[in-house]
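Colleague: Here's a structure for you.
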Amino acid sequence: MSDLHSDIGRKRQRAIYVAGVGGHRPVVPVAQAELEAAAQAAMTPEAWAYIAGGAGRESTLDANRAAFERWRIVPRVLRDVERRDLTIELFGRRLPSPLLLCPIGVLEMAHRDADLAVAKAAATLQVPYIFSNQASVPMETCAAAMGDAPRWFQLYWNRSNDLVSSLVRRAEACGCSAIVLTLDTTMLGWRSRDLDLGSLPFMQGKGIAQYTSDPVFRAELAKPLDVAAGPPPPRNLATIATALAQKANFPGGLLKNLTSGDPRAAVQRFMLTYSRPSLQWDDLKFLRQCTKLPVLLKGVLHPDDARKALELGIDGLVVSNHGGRQVDGGIASLDALPAIAEAVNGKIPILLDSGVRGGADVFKALALGATAVCLGRPYVYGLAIAGQQGVEEVMANVLAEFDLTMGLAGCASVRGITRGALGGG
Ligand code: FNR
């Protein structure tokens with residue numbers, strides 16, 4: 001299983017070119033700009049805004065890409081790259097390549113099969129999938145479609161510790177092998193595109209399946225909220241449409257929920273309780289007590305925070321700025337990586353996301369100290385275009401390019417990818 005991706009570069013090239021002889025073009029474009037254009041065409045304006053957009057003037061989105069562009073690969077020659085070993089070891093498990101899939105919420109906006117399509121695609125390629133706390137499909141349903149393929153769970157620390165431990169217990173029970181605690185979304189970033197459309201998918205009851213399928217959340221629905229709700233929305237046709245969407249997106253579907261107040265209560269409770277901005281380092285002890293699984297912190301960008309995480313016995317970090325969706329003007333993840341890698345000094349694995357668009361980016365992140373890399377928006381674009389197959393194609397393209405880049409740069413194994421392989425910066 002671990003050599004699943006061996007020689008994937010040449011195999012994929014051959015498959016595409018041979019199909020081309022028969023007049024077939026890839027269903028999912030390989031070139032990034034075409035991939036994005038095809039995905040945009042397949043989505044509603046609201047979905048495209050939510051998925052492609054960033055915070056404020058989106059300068060962090062740009063910075064993520066600019067950082068990758070500044071580093072250049074300096075290939076070495078005559079180094080026998082006939083066989084290339086893409087495997088890595090992460091938390092005691094051998095993986096076929098240093099690639100994982102980012103947790104991405106509300107995938108039903110991209111495709112009706114949503115997380116389930118991604119779970120199946122990830123399992124096919126044995127690429128670990130990090131289930132989002134904001135998924136459109138409960139984690140148990142996705143896990144059941146994955147056999148023993150690797151999956152992790154991403155947690156947002158909400159206001160109820162009972163709900164936090166329930167989510168973690170469920171993750172353990174459905175075979176997740178690590179918990180990723182996302183720390184950069186204590187509040188939702190200032191998302192210009194969504195604001196201009198007045199559109200937030202959670203209001204429609206989208207992206208809250210991990211909550212509405214949770215026994216603790218369901219039990220809490222009956223209790224009064226101890227957080228002040230804002231003014232109610234105006235009453236008009238659009239409000240009625242939203243209420244119907246909430247009912248349709250609640251477990252059981254529209255007809256069953258027609259007279260129930262639970263769908264609205266669930267959306268309201270979620271909106272007011274999904275995050276806890278008061279969270280502090282000390283709170284991590286609670287999570288530690290909840291689980292024996294490795295715990296990673298996602299959204300770490302400062303080396304002092306990385307040192308603190310090490311001191312507290314955290315098992316791994318995800319260097320990430322949430323794809324530029326939180327702090328406009330924030331540092332690019334890749335720019336934050338070298339100092340964090342130095343602070344961590346190989347003691348725990350470091351994952352990186354934000355701006356990874358192809359195999360060369362994976363190579364650069366590894367060279368700068370990442371143990372593995374998480375792919376984000378591109379797989380959602382594949383999902384929007386062609387469901388499960390689209391996700392598989394995007395992943396295969398990234399892995400193929402990574403395999404070829406590695407070989408062409410003169411590296412026969414992931415271990416051989418070091419800082420010396422890069423110039424610029
Ligand atoms: C995200 N991301 C995210 N992260 C997380 O921890 N939980 C989540 O539910 C989500 N949801 C989400 C939705 C959408 C539409 C996007 C684009 C991103 C952030 C994600 O895990 C990752 O950090 C970024 O996607 C990386 O940036 P790029 O490479 O996708 O630009």
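FYI, nothing fancy with the structure tokens labels: chains A, B, ... in order, residues from 1 per chain, ligands from 1 as they appear.
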Write as a JSON list (two decimals) with C-alpha atoms, in the first residue's frame the residues around ligand 1, taking 7 Å as the cut-off and counting only C-alpha atoms and all ligand atoms.

Modeller:
[["chain", "number", "residue", "atom", "x", "y", "z"],
["A", 50, "TYR", "CA", -17.22, 31.32, -0.05],
["A", 51, "ILE", "CA", -14.65, 28.87, -1.39],
["A", 52, "ALA", "CA", -12.31, 31.08, -3.40],
["A", 61, "LEU", "CA", -4.11, 34.98, -0.49],
["A", 102, "CYS", "CA", -7.05, 19.95, 4.39],
["A", 103, "PRO", "CA", -10.22, 20.10, 6.43],
["A", 104, "ILE", "CA", -12.62, 22.18, 4.35],
["A", 105, "GLY", "CA", -16.14, 22.96, 5.50],
["A", 106, "VAL", "CA", -19.47, 23.25, 3.68],
["A", 132, "SER", "CA", -13.76, 19.23, 8.93],
["A", 133, "ASN", "CA", -15.73, 20.21, 12.00],
["A", 134, "GLN", "CA", -17.86, 22.17, 9.50],
["A", 135, "ALA", "CA", -18.49, 19.21, 7.23],
["A", 154, "GLN", "CA", -10.32, 18.77, 12.76],
["A", 182, "THR", "CA", -7.76, 24.85, 14.49],
["A", 298, "LYS", "CA", -3.43, 24.34, 13.17],
["A", 320, "SER", "CA", -1.36, 27.71, 8.09],
["A", 321, "ASN", "CA", -3.08, 31.05, 7.63],
["A", 322, "HIS", "CA", -6.34, 29.33, 6.71],
["A", 323, "GLY", "CA", -5.79, 30.05, 3.04],
["A", 324, "GLY", "CA", -5.81, 33.81, 3.65],
["A", 353, "ASP", "CA", -0.97, 24.51, 4.01],
["A", 354, "SER", "CA", -2.10, 27.72, 2.31],
["A", 355, "GLY", "CA", -1.19, 28.32, -1.28],
["A", 356, "VAL", "CA", -0.17, 24.80, -2.29],
["A", 357, "ARG", "CA", -1.24, 24.47, -5.92],
["A", 375, "LEU", "CA", -3.85, 20.38, -0.17],
["A", 376, "GLY", "CA", -6.82, 22.74, 0.11],
["A", 377, "ARG", "CA", -8.87, 24.63, -2.48],
["A", 378, "PRO", "CA", -7.63, 22.70, -5.55]]

Colleague: Going by DSSP on the backbone, which bits of range 9-88 of chain A are strand (DSSP E)? Write them as a list in words, please.

Modeller: Trp71, Arg72, Ile73 and Ile88 of chain A

Colleague: Write the residues of the selection above to a file with C-alpha atoms, as a PDB file, in the first residue's frame.

Modeller:
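Written file, again-v4.pdb:
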ATOM      1  CA  TRP A  71      11.770  30.251  -3.700  1.00  0.00           C
ATOM      2  CA  ARG A  72      13.304  28.554  -6.723  1.00  0.00           C
ATOM      3  CA  ILE A  73      14.342  24.928  -7.073  1.00  0.00           C
ATOM      4  CA  ILE A  88       6.927   9.219   4.681  1.00  0.00           C
TER       5      ILE A  88
END

Colleague: Could you jot down the CA of Val394 in chain A to CA of Leu35 in chain A separation for me, Å, one decimal place?

Modeller: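 Separation between CA of Val394 in chain A and CA of Leu35 in chain A: 9.1 Å.
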
Colleague: What lies within 10 Å of Asp184 in chain A using only C-alpha atoms, ignoring chain neighbours under 2 positions off, as an MDAnalysis selection string?

Modeller: chainID A and resid 156 181:182 186:189 277 297:301 320:322 325:327

Colleague: Given only C-alpha atoms as the basis, pick out the residue of A:Leu293, A:Leu86, A:Ala384, A:Leu404 nearest to Gly358 in chain A.

Modeller: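 Nearest candidate to Gly358 in chain A out of A:Leu293, A:Leu86, A:Ala384, A:Leu404: A:Leu404.
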
Colleague: Hey, what's within 8 Å of range 5-21 of chain A if we count only C-alpha atoms and toss same-chain stuff fewer than 5 positions away? As a PDB file with all heavy atoms, in the first residue's frame, please?

Modeller:
ATOM      1  N   PRO A  26      -8.318  15.604 -20.403  1.00  0.00           N
ATOM      2  CA  PRO A  26      -8.694  15.414 -18.995  1.00  0.00           C
ATOM      3  C   PRO A  26      -9.990  16.156 -18.659  1.00  0.00           C
ATOM      4  O   PRO A  26     -10.204  17.282 -19.114  1.00  0.00           O
ATOM      5  CB  PRO A  26      -7.517  16.037 -18.240  1.00  0.00           C
ATOM      6  CG  PRO A  26      -6.374  16.003 -19.189  1.00  0.00           C
ATOM      7  CD  PRO A  26      -6.961  16.138 -20.562  1.00  0.00           C
ATOM      8  N   ARG A  83      14.333   5.198  -9.498  1.00  0.00           N
ATOM      9  CA  ARG A  83      13.303   4.850  -8.509  1.00  0.00           C
ATOM     10  C   ARG A  83      13.229   5.958  -7.485  1.00  0.00           C
ATOM     11  O   ARG A  83      14.246   6.349  -6.913  1.00  0.00           O
ATOM     12  CB  ARG A  83      13.695   3.563  -7.767  1.00  0.00           C
ATOM     13  CG  ARG A  83      13.421   2.355  -8.539  1.00  0.00           C
ATOM     14  CD  ARG A  83      13.906   1.110  -7.785  1.00  0.00           C
ATOM     15  NE  ARG A  83      14.307   0.104  -8.736  1.00  0.00           N
ATOM     16  CZ  ARG A  83      13.463  -0.543  -9.539  1.00  0.00           C
ATOM     17  NH1 ARG A  83      12.176  -0.298  -9.485  1.00  0.00           N
ATOM     18  NH2 ARG A  83      13.899  -1.438 -10.402  1.00  0.00           N
ATOM     19  N   ARG A  84      12.011   6.438  -7.277  1.00  0.00           N
ATOM     20  CA  ARG A  84      11.836   7.529  -6.301  1.00  0.00           C
ATOM     21  C   ARG A  84      10.890   7.082  -5.197  1.00  0.00           C
ATOM     22  O   ARG A  84       9.834   6.518  -5.476  1.00  0.00           O
ATOM     23  CB  ARG A  84      11.319   8.787  -7.005  1.00  0.00           C
ATOM     24  CG  ARG A  84      12.324   9.304  -8.021  1.00  0.00           C
ATOM     25  CD  ARG A  84      11.723  10.210  -9.058  1.00  0.00           C
ATOM     26  NE  ARG A  84      10.499   9.724  -9.675  1.00  0.00           N
ATOM     27  CZ  ARG A  84      10.429   8.807 -10.638  1.00  0.00           C
ATOM     28  NH1 ARG A  84      11.539   8.238 -11.097  1.00  0.00           N
ATOM     29  NH2 ARG A  84       9.255   8.436 -11.143  1.00  0.00           N
ATOM     30  N   ASP A  85      11.311   7.335  -3.984  1.00  0.00           N
ATOM     31  CA  ASP A  85      10.516   6.904  -2.824  1.00  0.00           C
ATOM     32  C   ASP A  85       9.769   8.105  -2.257  1.00  0.00           C
ATOM     33  O   ASP A  85      10.367   8.998  -1.662  1.00  0.00           O
ATOM     34  CB  ASP A  85      11.469   6.300  -1.774  1.00  0.00           C
ATOM     35  CG  ASP A  85      10.728   5.848  -0.530  1.00  0.00           C
ATOM     36  OD1 ASP A  85       9.475   5.879  -0.525  1.00  0.00           O
ATOM     37  OD2 ASP A  85      11.411   5.461   0.440  1.00  0.00           O
ATOM     38  N   LEU A  86       8.450   8.094  -2.464  1.00  0.00           N
ATOM     39  CA  LEU A  86       7.622   9.225  -2.015  1.00  0.00           C
ATOM     40  C   LEU A  86       7.101   9.042  -0.593  1.00  0.00           C
ATOM     41  O   LEU A  86       6.433   9.918  -0.049  1.00  0.00           O
ATOM     42  CB  LEU A  86       6.408   9.395  -2.947  1.00  0.00           C
ATOM     43  CG  LEU A  86       6.572  10.322  -4.160  1.00  0.00           C
ATOM     44  CD1 LEU A  86       7.674   9.849  -5.059  1.00  0.00           C
ATOM     45  CD2 LEU A  86       5.260  10.430  -4.929  1.00  0.00           C
ATOM     46  N   PRO A  96       1.837   6.784   1.713  1.00  0.00           N
ATOM     47  CA  PRO A  96       2.426   6.637   0.369  1.00  0.00           C
ATOM     48  C   PRO A  96       3.083   7.906  -0.154  1.00  0.00           C
ATOM     49  O   PRO A  96       3.875   7.854  -1.094  1.00  0.00           O
ATOM     50  CB  PRO A  96       1.236   6.241  -0.503  1.00  0.00           C
ATOM     51  CG  PRO A  96       0.031   6.648   0.259  1.00  0.00           C
ATOM     52  CD  PRO A  96       0.383   6.606   1.710  1.00  0.00           C
ATOM     53  N   SER A  97       2.747   9.049   0.456  1.00  0.00           N
ATOM     54  CA  SER A  97       3.351  10.310  -0.008  1.00  0.00           C
ATOM     55  C   SER A  97       3.148  11.369   1.074  1.00  0.00           C
ATOM     56  O   SER A  97       2.326  11.189   1.971  1.00  0.00           O
ATOM     57  CB  SER A  97       2.684  10.766  -1.316  1.00  0.00           C
ATOM     58  OG  SER A  97       1.306  10.995  -1.079  1.00  0.00           O
ATOM     59  N   ALA A 396      -4.107  13.259  -7.943  1.00  0.00           N
ATOM     60  CA  ALA A 396      -3.146  12.518  -8.770  1.00  0.00           C
ATOM     61  C   ALA A 396      -2.235  13.478  -9.531  1.00  0.00           C
ATOM     62  O   ALA A 396      -1.033  13.227  -9.678  1.00  0.00           O
ATOM     63  CB  ALA A 396      -3.887  11.592  -9.737  1.00  0.00           C
ATOM     64  N   ASN A 397      -2.804  14.598  -9.993  1.00  0.00           N
ATOM     65  CA  ASN A 397      -1.972  15.572 -10.710  1.00  0.00           C
ATOM     66  C   ASN A 397      -0.908  16.177  -9.799  1.00  0.00           C
ATOM     67  O   ASN A 397       0.253  16.329 -10.192  1.00  0.00           O
ATOM     68  CB  ASN A 397      -2.841  16.688 -11.299  1.00  0.00           C
ATOM     69  CG  ASN A 397      -3.695  16.194 -12.455  1.00  0.00           C
ATOM     70  OD1 ASN A 397      -3.438  15.122 -13.025  1.00  0.00           O
ATOM     71  ND2 ASN A 397      -4.731  16.948 -12.792  1.00  0.00           N
ATOM     72  N   LEU A 399       0.338  14.858  -7.086  1.00  0.00           N
ATOM     73  CA  LEU A 399       1.326  13.825  -6.737  1.00  0.00           C
ATOM     74  C   LEU A 399       2.243  13.519  -7.913  1.00  0.00           C
ATOM     75  O   LEU A 399       3.445  13.312  -7.742  1.00  0.00           O
ATOM     76  CB  LEU A 399       0.593  12.548  -6.298  1.00  0.00           C
ATOM     77  CG  LEU A 399      -0.062  12.654  -4.920  1.00  0.00           C
ATOM     78  CD1 LEU A 399      -1.034  11.510  -4.685  1.00  0.00           C
ATOM     79  CD2 LEU A 399       0.996  12.684  -3.821  1.00  0.00           C
ATOM     80  N   ALA A 400       1.666  13.487  -9.126  1.00  0.00           N
ATOM     81  CA  ALA A 400       2.480  13.208 -10.316  1.00  0.00           C
ATOM     82  C   ALA A 400       3.525  14.305 -10.497  1.00  0.00           C
ATOM     83  O   ALA A 400       4.704  14.031 -10.737  1.00  0.00           O
ATOM     84  CB  ALA A 400       1.583  13.116 -11.545  1.00  0.00           C
ATOM     85  N   GLU A 401       3.083  15.544 -10.344  1.00  0.00           N
ATOM     86  CA  GLU A 401       4.038  16.649 -10.527  1.00  0.00           C
ATOM     87  C   GLU A 401       5.102  16.631  -9.432  1.00  0.00           C
ATOM     88  O   GLU A 401       6.273  16.909  -9.689  1.00  0.00           O
ATOM     89  CB  GLU A 401       3.312  17.993 -10.539  1.00  0.00           C
ATOM     90  CG  GLU A 401       4.234  19.123 -10.976  1.00  0.00           C
ATOM     91  CD  GLU A 401       3.649  20.514 -10.786  1.00  0.00           C
ATOM     92  OE1 GLU A 401       2.484  20.653 -10.405  1.00  0.00           O
ATOM     93  OE2 GLU A 401       4.408  21.473 -11.006  1.00  0.00           O
ATOM     94  N   PHE A 402       4.675  16.252  -8.221  1.00  0.00           N
ATOM     95  CA  PHE A 402       5.643  16.180  -7.128  1.00  0.00           C
ATOM     96  C   PHE A 402       6.692  15.108  -7.424  1.00  0.00           C
ATOM     97  O   PHE A 402       7.901  15.328  -7.278  1.00  0.00           O
ATOM     98  CB  PHE A 402       4.934  15.896  -5.799  1.00  0.00           C
ATOM     99  CG  PHE A 402       5.873  15.608  -4.677  1.00  0.00           C
ATOM    100  CD1 PHE A 402       6.781  16.581  -4.255  1.00  0.00           C
ATOM    101  CD2 PHE A 402       5.888  14.375  -4.039  1.00  0.00           C
ATOM    102  CE1 PHE A 402       7.684  16.321  -3.228  1.00  0.00           C
ATOM    103  CE2 PHE A 402       6.777  14.109  -3.014  1.00  0.00           C
ATOM    104  CZ  PHE A 402       7.678  15.079  -2.601  1.00  0.00           C
ATOM    105  N   ASP A 403       6.233  13.953  -7.855  1.00  0.00           N
ATOM    106  CA  ASP A 403       7.141  12.840  -8.164  1.00  0.00           C
ATOM    107  C   ASP A 403       8.154  13.267  -9.239  1.00  0.00           C
ATOM    108  O   ASP A 403       9.368  13.051  -9.100  1.00  0.00           O
ATOM    109  CB  ASP A 403       6.296  11.650  -8.633  1.00  0.00           C
ATOM    110  CG  ASP A 403       7.136  10.466  -9.078  1.00  0.00           C
ATOM    111  OD1 ASP A 403       8.245  10.284  -8.537  1.00  0.00           O
ATOM    112  OD2 ASP A 403       6.672   9.717  -9.971  1.00  0.00           O
ATOM    113  N   LEU A 404       7.649  13.900 -10.292  1.00  0.00           N
ATOM    114  CA  LEU A 404       8.548  14.309 -11.378  1.00  0.00           C
ATOM    115  C   LEU A 404       9.492  15.427 -10.921  1.00  0.00           C
ATOM    116  O   LEU A 404      10.692  15.413 -11.244  1.00  0.00           O
ATOM    117  CB  LEU A 404       7.727  14.771 -12.591  1.00  0.00           C
ATOM    118  CG  LEU A 404       6.907  13.660 -13.255  1.00  0.00           C
ATOM    119  CD1 LEU A 404       5.949  14.231 -14.297  1.00  0.00           C
ATOM    120  CD2 LEU A 404       7.833  12.622 -13.907  1.00  0.00           C
TER     121      LEU A 404
END

Colleague: If you count only C-alpha atoms, which residues fall within 9 Å of range 304-317 of chain A, apart from same-chain ones fewer than 5 positions away, as a PyMOL selection string?

Modeller: chain A and resi 91+180+281+284-285+288+294-299+340-341+343-344+347-352

Colleague: With distances taken over only C-alpha atoms, which residue among A:Ala117, A:Ala332, A:Leu95, A:Leu167 lies nearest Ser59 in chain A?

Modeller: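 Smallest distance to Ser59 in chain A is found for A:Ala332.
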